[in-house]
Amino acid sequence: MIQKPRGTRDFLPDEMEYRRTKEAVMRQAAKNWGYREICTPTFEHQELYTLRSGPGIVKEMYTFQDKGGRELALRPEGTAAVLRMFVNEAKVLSRPIRWCYLSDCYRYERPQKGRYRQFWQFGAELIGADTPEGDAEVILLADDILRSAGVTYDLHIGHLAPMRHILRDLAEDLRREVMAHLDKKNYEGLAAALAACGRADLEEPLTALLAARTPAEAFSICGDVPERERIERMVQILDSQGLAYTLNFGIVRGLDYYTGMVFEGFAENLGAENQIIGGGAYRLAKLFGGEDVGSCGFGIGFDRVMVSLGDAPPAEDAVVAVVHTPESRDYAFSVARAFRDAGIRTELNLLDRGFGGQMKHAGKTAAYAVVAGVREAESGTVTLKELSTGAQKECPVDEAVDGVISGWR
RNA sequence: GCCGGGGUAGGGUAGUGGUUAUCCUCAGGGAUUGUGGUUCCCUGGACUCGGGUUCAAAUCUCGGCCCCGGCCCCA
């Protein structure tokens with residue numbers, strides 16, 4: 001027997017239908033905000049991802065060389081390809097551009113709860129609206145999508161400007177180190193790093209900034225920054241919409257990728273991998289050879305959404321099982337077609353089973369049995385039987401279809 | 001890459017070196033050739049893989065693979 005590759009999953013129909021239901025809800029929410037769905041290739045030139053994330057990322061990706069010698073990689077996330085697509089194709093589209101996607105992504109990582117080597121990411125990108133209104137819209141959209149899907153989560157929103165302002169005098173590599181410590185809440189490491197470079201004076205404002213829960217508090221610590229008005233306007237919009245969130249100026253989210261607003265969300269029922277969404281403002285287009293246009297977006301871990309929501313409820317669709325005999329086979333196919341044309345999931349017996357066997361099978365797999373035997377074929381009727389109650393009646397096909405649609409009664 | 005816990009039919013399980021590996025569920029068939037569900041009968045299906053110890057391994061041991069939890073990472 002061949003096992004599936006490590007970190008991959010199979011989905012049976014009950015779970016798959018549940019996933020599709022949630023996908024549809026999320027797509028619809030995005031659509032309502034004007035975010036239209038796009039699709040990019042499953043694999044791209046490796047360079048797209050190393051440009052964005054550095055050469056070290058290769059060991060975390062599924063990479064391969066194709067028969068033409070091209071160095072390719074299965075996509076490890078959604079944003080890079082979307083911005084690549086924007087640079088390639090969307091220069092003439094009127095802005096802002098609102099796009100969303102649901103992509104299968106691949107990362108060579110150790111699987112654990114909520115983390116797989118093949119996973120799905122629902123993302124949205126707003127390109128060319130580098131404004132506080134744009135930042136606010138992306139956050140509100142993300143919240144709408146997650147709540148529509150039924151997820152309960154904690155939302156944390158921040159902005160990189162205050163922290164970068166405090167760290168403005170530090171050398172680039174030291175700044176990265178300090179921010180990495182802050183990201184991991186490693187305060188001992190933070191103190192040691194600052195002391196080592198003679199900037200222990202920064203420890204107090206940094207820890208105070210992490211505790212700040214309003215823009216006013218943050219600016220009283222870091223002083224005035226050019227982004228102040230933008231941050232305040234964004235917060236004002238979010239508050240006007242009654243959004244539940246925590247302001248957190250300690251959010252770092254990777255190092256050089258995000259340029260302004262950043263946000264994260266954490267859901268229940270997940271283990272160590274409880275981050276369900278991450279996003280923020282960034283400027284990637286220029287890196288990929290386009291103009292320097294500001295963008296803002298997020299990625300939702302779709303599989304984590306599903307884990308957080310719990311087990312799939314069993315499917316409830318009415319199912320009709322058509323029971324027949326070899327002599328009435330053609331009639332049975334016609335009867336099944338009538339039910340299918342009405343949008344009813346209908347399964348016709350395909351095996352060499354007697355009436356009793358067919359009814360037995362119908363009792364396990366269907367809500368209704370529709371008998372299309374010789375007798376019915378001659379009179380153009382069917383015998384409709386509700387399997388939960390055992391009630392049955394012989395009637396014309398149209399009437400039987402209506403009966404199933406209206407739930408028998 | 002690292003640490004820990006696991007792996008017995010499709011699912012859930014019993015089995016601390018010794019007959020043909022237990023039970024439930026499930027699936028297929030029959031009792032019942034135009035009426036299922038209950039019941040009864042029959043059938044099918046498993047020791048994760050490989051090496052080692054032993055007269056004898058599901059059981060002890062080592063390693064691989066896979067699963068689960070955590071670390072690292074998380075674009």
# chains A, B, ... in the order shown; residues from 1 in each chain; ligands from 1
$ closest_atom_pairs --of "segment 229-325 of chain A" --to "segment 77-82 of chain A" --cutoff "9 Å" --atoms "only C-alpha atoms" --output "JSON lines"
{"residue": "A:Leu284", "atom": "CA", "partner": "A:Ala80", "partner_atom": "CA", "distance": 7.6}
{"residue": "A:Ala285", "atom": "CA", "partner": "A:Ala80", "partner_atom": "CA", "distance": 8.9}
{"residue": "A:Phe288", "atom": "CA", "partner": "A:Ala80", "partner_atom": "CA", "distance": 8.8}
{"residue": "A:Gly297", "atom": "CA", "partner": "A:Thr79", "partner_atom": "CA", "distance": 7.9}
{"residue": "A:Phe298", "atom": "CA", "partner": "A:Thr79", "partner_atom": "CA", "distance": 8.1}
{"residue": "A:Gly299", "atom": "CA", "partner": "A:Gly78", "partner_atom": "CA", "distance": 7.5}
$ closest_atom_pairs --of "chain B" --to "chain A" --cutoff "7 Å" --atoms "only C-alpha atoms (C1' of nucleotides)" --output "CSV"
residue,atom,partner,partner_atom,distance
B:U33,C1',A:Gly354,CA,6.9
B:G34,C1',A:Phe355,CA,6.3
B:U35,C1',A:Met359,CA,6.4
B:G36,C1',A:Lys360,CA,4.0
B:G37,C1',A:Gly363,CA,6.5
B:A75,C1',A:Ser53,CA,6.0
$ write_last_selection --atoms "C-alpha atoms (C1' of nucleotides)" --output "mmCIF file, in the first residue's frame"
data_model
loop_
_atom_site.group_PDB
_atom_site.id
_atom_site.type_symbol
_atom_site.label_atom_id
_atom_site.label_comp_id
_atom_site.auth_asym_id
_atom_site.auth_seq_id
_atom_site.Cartn_x
_atom_site.Cartn_y
_atom_site.Cartn_z
ATOM 1 C "C1'" U B 33 -37.038 -13.317 -6.515
ATOM 2 C "C1'" G B 34 -41.762 -6.032 -5.553
ATOM 3 C "C1'" U B 35 -40.261 -3.210 0.050
ATOM 4 C "C1'" G B 36 -35.212 -1.562 3.837
ATOM 5 C "C1'" G B 37 -34.198 -0.411 9.176
ATOM 6 C "C1'" A B 75 7.202 34.502 4.069
#
$ residues_around --residues "segment 7-17 of chain B" --least-positions-apart "3" --cutoff "8 Å" --atoms "only C-alpha atoms (C1' of nucleotides)" --output "list in words"
A21, U22, C23, C24, U25, C26, G45, A46, C47, U48, A56, A57, A58, U59 and C67 of chain B
$ select_by_dssp --residues "segment 153-364 of chain A" --states "helix (DSSP H, G or I)" --output "VMD selection string"
chain A and resid 161 to 166 172 to 183 187 to 196 200 to 211 215 to 222 228 to 240 286 to 288 302 to 309 326 to 341 355 to 364
$ residues_around --residues "segment 28-35 of chain A" --least-positions-apart "2" --cutoff "8 Å" --atoms "only C-alpha atoms (C1' of nucleotides)" --output "list in words"
Ala24, Val25, Met26, Glu37, Arg98, Trp99, Cys100, Ala124, Leu141, Asp144, Ile145 and Ser148 of chain A
$ residues_around --residues "Leu384 of chain A" --least-positions-apart "3" --cutoff "10 Å" --atoms "only C-alpha atoms (C1' of nucleotides)" --output "list in words"
Val320, Ala321, Val322, Tyr368, Ala369, Val370, Val371, Ala372, Thr381, Leu387, Gly390, Ala391, Gln392, Lys393, Glu394, Cys395, Pro396, Val397, Glu399, Ala400, Val401, Gly403, Val404 and Trp408 of chain A
$ write_last_selection --atoms "N, CA and C atoms" --output "compact mmCIF listing (two decimals), in the first residue's frame"
# COMPACT_ATOMS: atom_id res chain seq x y z
N VAL A 320 -32.25 10.55 -3.21
CA VAL A 320 -33.22 9.61 -3.74
C VAL A 320 -32.49 8.39 -4.29
N ALA A 321 -32.93 7.22 -3.89
CA ALA A 321 -32.39 5.99 -4.45
C ALA A 321 -33.45 5.38 -5.36
N VAL A 322 -33.09 5.18 -6.61
CA VAL A 322 -34.04 4.63 -7.57
C VAL A 322 -33.88 3.11 -7.61
N TYR A 368 -35.07 8.82 0.52
CA TYR A 368 -36.26 8.34 -0.19
C TYR A 368 -35.88 7.20 -1.13
N ALA A 369 -36.75 6.23 -1.22
CA ALA A 369 -36.62 5.23 -2.27
C ALA A 369 -37.68 5.53 -3.31
N VAL A 370 -37.29 5.47 -4.57
CA VAL A 370 -38.25 5.65 -5.65
C VAL A 370 -38.25 4.35 -6.45
N VAL A 371 -39.35 3.64 -6.36
CA VAL A 371 -39.43 2.37 -7.06
C VAL A 371 -39.90 2.62 -8.49
N ALA A 372 -39.08 2.21 -9.44
CA ALA A 372 -39.43 2.33 -10.86
C ALA A 372 -39.36 0.94 -11.46
N THR A 381 -45.72 5.88 -13.65
CA THR A 381 -45.70 6.38 -12.27
C THR A 381 -44.42 5.90 -11.59
N LEU A 387 -38.14 6.81 3.62
CA LEU A 387 -37.52 5.70 4.34
C LEU A 387 -37.50 5.88 5.86
N GLY A 390 -41.43 5.02 6.45
CA GLY A 390 -41.99 3.86 5.79
C GLY A 390 -43.24 4.18 4.98
N ALA A 391 -43.69 5.44 5.05
CA ALA A 391 -44.88 5.82 4.28
C ALA A 391 -44.56 5.80 2.79
N GLN A 392 -45.52 5.33 1.99
CA GLN A 392 -45.28 5.31 0.55
C GLN A 392 -46.57 5.50 -0.22
N LYS A 393 -46.40 5.95 -1.47
CA LYS A 393 -47.55 6.12 -2.34
C LYS A 393 -47.10 6.01 -3.78
N GLU A 394 -48.00 5.56 -4.63
CA GLU A 394 -47.69 5.49 -6.05
C GLU A 394 -48.29 6.71 -6.71
N CYS A 395 -47.49 7.40 -7.52
CA CYS A 395 -47.98 8.63 -8.12
C CYS A 395 -47.18 8.92 -9.38
N PRO A 396 -47.62 9.90 -10.19
CA PRO A 396 -46.84 10.28 -11.37
C PRO A 396 -45.47 10.81 -10.96
N VAL A 397 -44.51 10.73 -11.89
CA VAL A 397 -43.13 11.12 -11.58
C VAL A 397 -43.06 12.57 -11.11
N GLU A 399 -45.17 14.38 -9.63
CA GLU A 399 -45.70 14.54 -8.27
C GLU A 399 -44.69 14.03 -7.25
N ALA A 400 -44.00 12.94 -7.60
CA ALA A 400 -42.98 12.39 -6.70
C ALA A 400 -41.83 13.38 -6.54
N VAL A 401 -41.44 14.01 -7.64
CA VAL A 401 -40.36 15.02 -7.57
C VAL A 401 -40.79 16.15 -6.66
N GLY A 403 -42.94 16.03 -4.35
CA GLY A 403 -43.03 15.51 -2.99
C GLY A 403 -41.69 15.54 -2.28
N VAL A 404 -40.63 15.16 -2.99
CA VAL A 404 -39.28 15.18 -2.38
C VAL A 404 -38.85 16.61 -2.13
N TRP A 408 -41.70 15.76 1.27
CA TRP A 408 -42.75 14.76 1.39
C TRP A 408 -44.02 15.35 1.98
$ atom_distance --atom1 "atom CA of Gly223 of chain A" --atom2 "atom CA of Ala161 of chain A"
10.9 Å
$ atom_distance --atom1 "atom CA of Ser94 of chain A" --atom2 "atom CA of Gly279 of chain A"
23.5 Å
$ atom_distance --atom1 "atom CA of Ile237 of chain A" --atom2 "atom CA of Arg27 of chain A"
23.9 Å
$ closest_residue --among "A:Leu209, A:Ala366, A:Leu126, A:Ala342" --to "Ile139 of chain A" --atoms "only C-alpha atoms"
A:Leu126
$ residues_around --residues "Ala136 of chain A" --least-positions-apart "6" --cutoff "12 Å" --atoms "only C-alpha atoms (C1' of nucleotides)" --output "ChimeraX atom specification"
/A:126,129-130,142-143,157-158,230-241,243,261-263,279-281,296-297
$ write_last_selection --atoms "C-alpha atoms" --output "PDB file, in the first residue's frame"
ATOM      1  CA  LEU A 126      -5.587  45.738  -2.012  1.00  0.00           C
ATOM      2  CA  ALA A 129      -4.747  52.406  -2.059  1.00  0.00           C
ATOM      3  CA  ASP A 130      -1.948  53.458   0.248  1.00  0.00           C
ATOM      4  CA  ALA A 142     -10.577  40.123   7.106  1.00  0.00           C
ATOM      5  CA  ASP A 143     -12.802  40.353  10.151  1.00  0.00           C
ATOM      6  CA  ILE A 157      -3.479  45.393  15.150  1.00  0.00           C
ATOM      7  CA  GLY A 158      -0.297  47.407  15.137  1.00  0.00           C
ATOM      8  CA  ARG A 230      -2.429  57.961   9.352  1.00  0.00           C
ATOM      9  CA  ILE A 231      -2.496  55.652  12.351  1.00  0.00           C
ATOM     10  CA  GLU A 232      -5.004  57.803  14.175  1.00  0.00           C
ATOM     11  CA  ARG A 233      -7.313  57.961  11.158  1.00  0.00           C
ATOM     12  CA  MET A 234      -7.207  54.218  10.708  1.00  0.00           C
ATOM     13  CA  VAL A 235      -7.992  53.600  14.365  1.00  0.00           C
ATOM     14  CA  GLN A 236     -10.819  56.099  14.168  1.00  0.00           C
ATOM     15  CA  ILE A 237     -12.399  54.216  11.283  1.00  0.00           C
ATOM     16  CA  LEU A 238     -12.034  50.846  12.991  1.00  0.00           C
ATOM     17  CA  ASP A 239     -13.594  52.187  16.176  1.00  0.00           C
ATOM     18  CA  SER A 240     -16.448  53.780  14.238  1.00  0.00           C
ATOM     19  CA  GLN A 241     -17.324  50.327  12.928  1.00  0.00           C
ATOM     20  CA  LEU A 243     -14.469  46.384  15.544  1.00  0.00           C
ATOM     21  CA  MET A 261       0.158  48.627   9.404  1.00  0.00           C
ATOM     22  CA  VAL A 262       0.413  45.007  10.543  1.00  0.00           C
ATOM     23  CA  PHE A 263      -2.171  42.703  12.070  1.00  0.00           C
ATOM     24  CA  GLY A 279      -1.345  40.664   7.157  1.00  0.00           C
ATOM     25  CA  GLY A 280      -0.349  44.229   6.716  1.00  0.00           C
ATOM     26  CA  ALA A 281       0.862  46.939   4.375  1.00  0.00           C
ATOM     27  CA  CYS A 296      -2.067  45.907   1.789  1.00  0.00           C
ATOM     28  CA  GLY A 297      -3.298  42.374   2.269  1.00  0.00           C
TER      29      GLY A 297
END
$ decode --residues "segment 347-382 of chain A" --atoms "N, CA, C and O atoms" --output "compact mmCIF listing (two decimals), in the first residue's frame"
# COMPACT_ATOMS: atom_id res chain seq x y z
N GLU A 347 -29.43 8.63 -6.82
CA GLU A 347 -28.55 7.51 -7.13
C GLU A 347 -29.39 6.32 -7.60
O GLU A 347 -30.35 5.92 -6.94
N LEU A 348 -28.98 5.79 -8.73
CA LEU A 348 -29.69 4.68 -9.36
C LEU A 348 -28.94 3.38 -9.05
O LEU A 348 -27.71 3.36 -9.09
N ASN A 349 -29.69 2.35 -8.75
CA ASN A 349 -29.03 1.07 -8.50
C ASN A 349 -28.24 0.62 -9.73
O ASN A 349 -28.75 0.60 -10.84
N LEU A 350 -26.98 0.24 -9.50
CA LEU A 350 -26.12 -0.19 -10.61
C LEU A 350 -25.72 -1.65 -10.50
O LEU A 350 -25.07 -2.18 -11.39
N LEU A 351 -26.10 -2.27 -9.38
CA LEU A 351 -25.60 -3.62 -9.12
C LEU A 351 -26.69 -4.66 -9.34
O LEU A 351 -27.87 -4.35 -9.42
N ASP A 352 -26.26 -5.89 -9.40
CA ASP A 352 -27.18 -7.00 -9.62
C ASP A 352 -27.83 -7.38 -8.29
O ASP A 352 -27.51 -8.41 -7.71
N ARG A 353 -28.69 -6.52 -7.82
CA ARG A 353 -29.34 -6.74 -6.53
C ARG A 353 -30.83 -6.94 -6.73
O ARG A 353 -31.43 -6.31 -7.60
N GLY A 354 -31.40 -7.76 -5.88
CA GLY A 354 -32.85 -7.93 -5.91
C GLY A 354 -33.53 -6.74 -5.26
O GLY A 354 -32.88 -5.83 -4.75
N PHE A 355 -34.84 -6.74 -5.28
CA PHE A 355 -35.59 -5.64 -4.67
C PHE A 355 -35.22 -5.45 -3.20
O PHE A 355 -35.00 -4.34 -2.74
N GLY A 356 -35.20 -6.56 -2.51
CA GLY A 356 -34.89 -6.48 -1.08
C GLY A 356 -33.52 -5.88 -0.84
O GLY A 356 -33.34 -5.02 0.01
N GLY A 357 -32.56 -6.32 -1.61
CA GLY A 357 -31.20 -5.81 -1.47
C GLY A 357 -31.12 -4.33 -1.80
O GLY A 357 -30.41 -3.57 -1.13
N GLN A 358 -31.85 -3.92 -2.82
CA GLN A 358 -31.84 -2.51 -3.20
C GLN A 358 -32.47 -1.64 -2.12
O GLN A 358 -31.99 -0.55 -1.81
N MET A 359 -33.55 -2.14 -1.54
CA MET A 359 -34.20 -1.37 -0.47
C MET A 359 -33.29 -1.29 0.75
O MET A 359 -33.21 -0.26 1.41
N LYS A 360 -32.60 -2.38 1.00
CA LYS A 360 -31.69 -2.40 2.14
C LYS A 360 -30.60 -1.35 1.96
O LYS A 360 -30.27 -0.60 2.89
N HIS A 361 -30.05 -1.31 0.78
CA HIS A 361 -29.02 -0.33 0.48
C HIS A 361 -29.58 1.09 0.55
O HIS A 361 -28.96 2.00 1.09
N ALA A 362 -30.79 1.27 0.02
CA ALA A 362 -31.42 2.59 0.05
C ALA A 362 -31.62 3.05 1.49
O ALA A 362 -31.40 4.22 1.83
N GLY A 363 -31.99 2.11 2.34
CA GLY A 363 -32.21 2.46 3.74
C GLY A 363 -30.97 3.00 4.41
O GLY A 363 -31.05 3.79 5.36
N LYS A 364 -29.80 2.60 3.92
CA LYS A 364 -28.54 3.08 4.52
C LYS A 364 -28.02 4.35 3.89
O LYS A 364 -27.24 5.08 4.51
N THR A 365 -28.38 4.61 2.65
CA THR A 365 -27.73 5.71 1.94
C THR A 365 -28.68 6.81 1.48
O THR A 365 -28.21 7.81 0.95
N ALA A 366 -29.98 6.64 1.66
CA ALA A 366 -30.90 7.61 1.06
C ALA A 366 -32.03 7.97 2.01
O ALA A 366 -32.27 7.28 3.00
N ALA A 367 -32.67 9.08 1.69
CA ALA A 367 -33.82 9.51 2.48
C ALA A 367 -35.12 9.00 1.84
O ALA A 367 -36.11 8.79 2.52
N TYR A 368 -35.07 8.82 0.52
CA TYR A 368 -36.26 8.34 -0.19
C TYR A 368 -35.88 7.20 -1.13
O TYR A 368 -34.81 7.23 -1.75
N ALA A 369 -36.75 6.23 -1.22
CA ALA A 369 -36.62 5.23 -2.27
C ALA A 369 -37.68 5.53 -3.31
O ALA A 369 -38.83 5.86 -2.96
N VAL A 370 -37.29 5.47 -4.57
CA VAL A 370 -38.25 5.65 -5.65
C VAL A 370 -38.25 4.35 -6.45
O VAL A 370 -37.26 4.00 -7.08
N VAL A 371 -39.35 3.64 -6.36
CA VAL A 371 -39.43 2.37 -7.06
C VAL A 371 -39.90 2.62 -8.49
O VAL A 371 -40.96 3.20 -8.70
N ALA A 372 -39.08 2.21 -9.44
CA ALA A 372 -39.43 2.33 -10.86
C ALA A 372 -39.36 0.94 -11.46
O ALA A 372 -38.40 0.58 -12.14
N GLY A 373 -40.36 0.14 -11.16
CA GLY A 373 -40.40 -1.23 -11.65
C GLY A 373 -41.28 -1.35 -12.87
O GLY A 373 -41.72 -0.35 -13.44
N VAL A 374 -41.53 -2.59 -13.26
CA VAL A 374 -42.31 -2.83 -14.47
C VAL A 374 -43.71 -2.24 -14.33
O VAL A 374 -44.24 -1.62 -15.25
N ARG A 375 -44.29 -2.43 -13.17
CA ARG A 375 -45.64 -1.94 -12.93
C ARG A 375 -45.71 -0.44 -13.13
O ARG A 375 -46.58 0.09 -13.82
N GLU A 376 -44.74 0.26 -12.52
CA GLU A 376 -44.71 1.72 -12.63
C GLU A 376 -44.41 2.15 -14.07
O GLU A 376 -44.98 3.13 -14.57
N ALA A 377 -43.51 1.42 -14.73
CA ALA A 377 -43.15 1.78 -16.10
C ALA A 377 -44.36 1.75 -17.01
O ALA A 377 -44.54 2.59 -17.87
N GLU A 378 -45.22 0.76 -16.77
CA GLU A 378 -46.41 0.62 -17.63
C GLU A 378 -47.40 1.75 -17.40
O GLU A 378 -48.10 2.16 -18.32
N SER A 379 -47.46 2.26 -16.19
CA SER A 379 -48.45 3.32 -15.92
C SER A 379 -47.82 4.70 -15.86
O SER A 379 -48.50 5.69 -15.60
N GLY A 380 -46.48 4.78 -16.07
CA GLY A 380 -45.82 6.09 -16.05
C GLY A 380 -45.77 6.70 -14.65
O GLY A 380 -45.80 7.91 -14.51
N THR A 381 -45.72 5.88 -13.65
CA THR A 381 -45.70 6.38 -12.27
C THR A 381 -44.42 5.90 -11.59
O THR A 381 -43.59 5.24 -12.20
N VAL A 382 -44.29 6.28 -10.34
CA VAL A 382 -43.27 5.68 -9.48
C VAL A 382 -43.92 5.44 -8.12
O VAL A 382 -44.95 6.04 -7.81
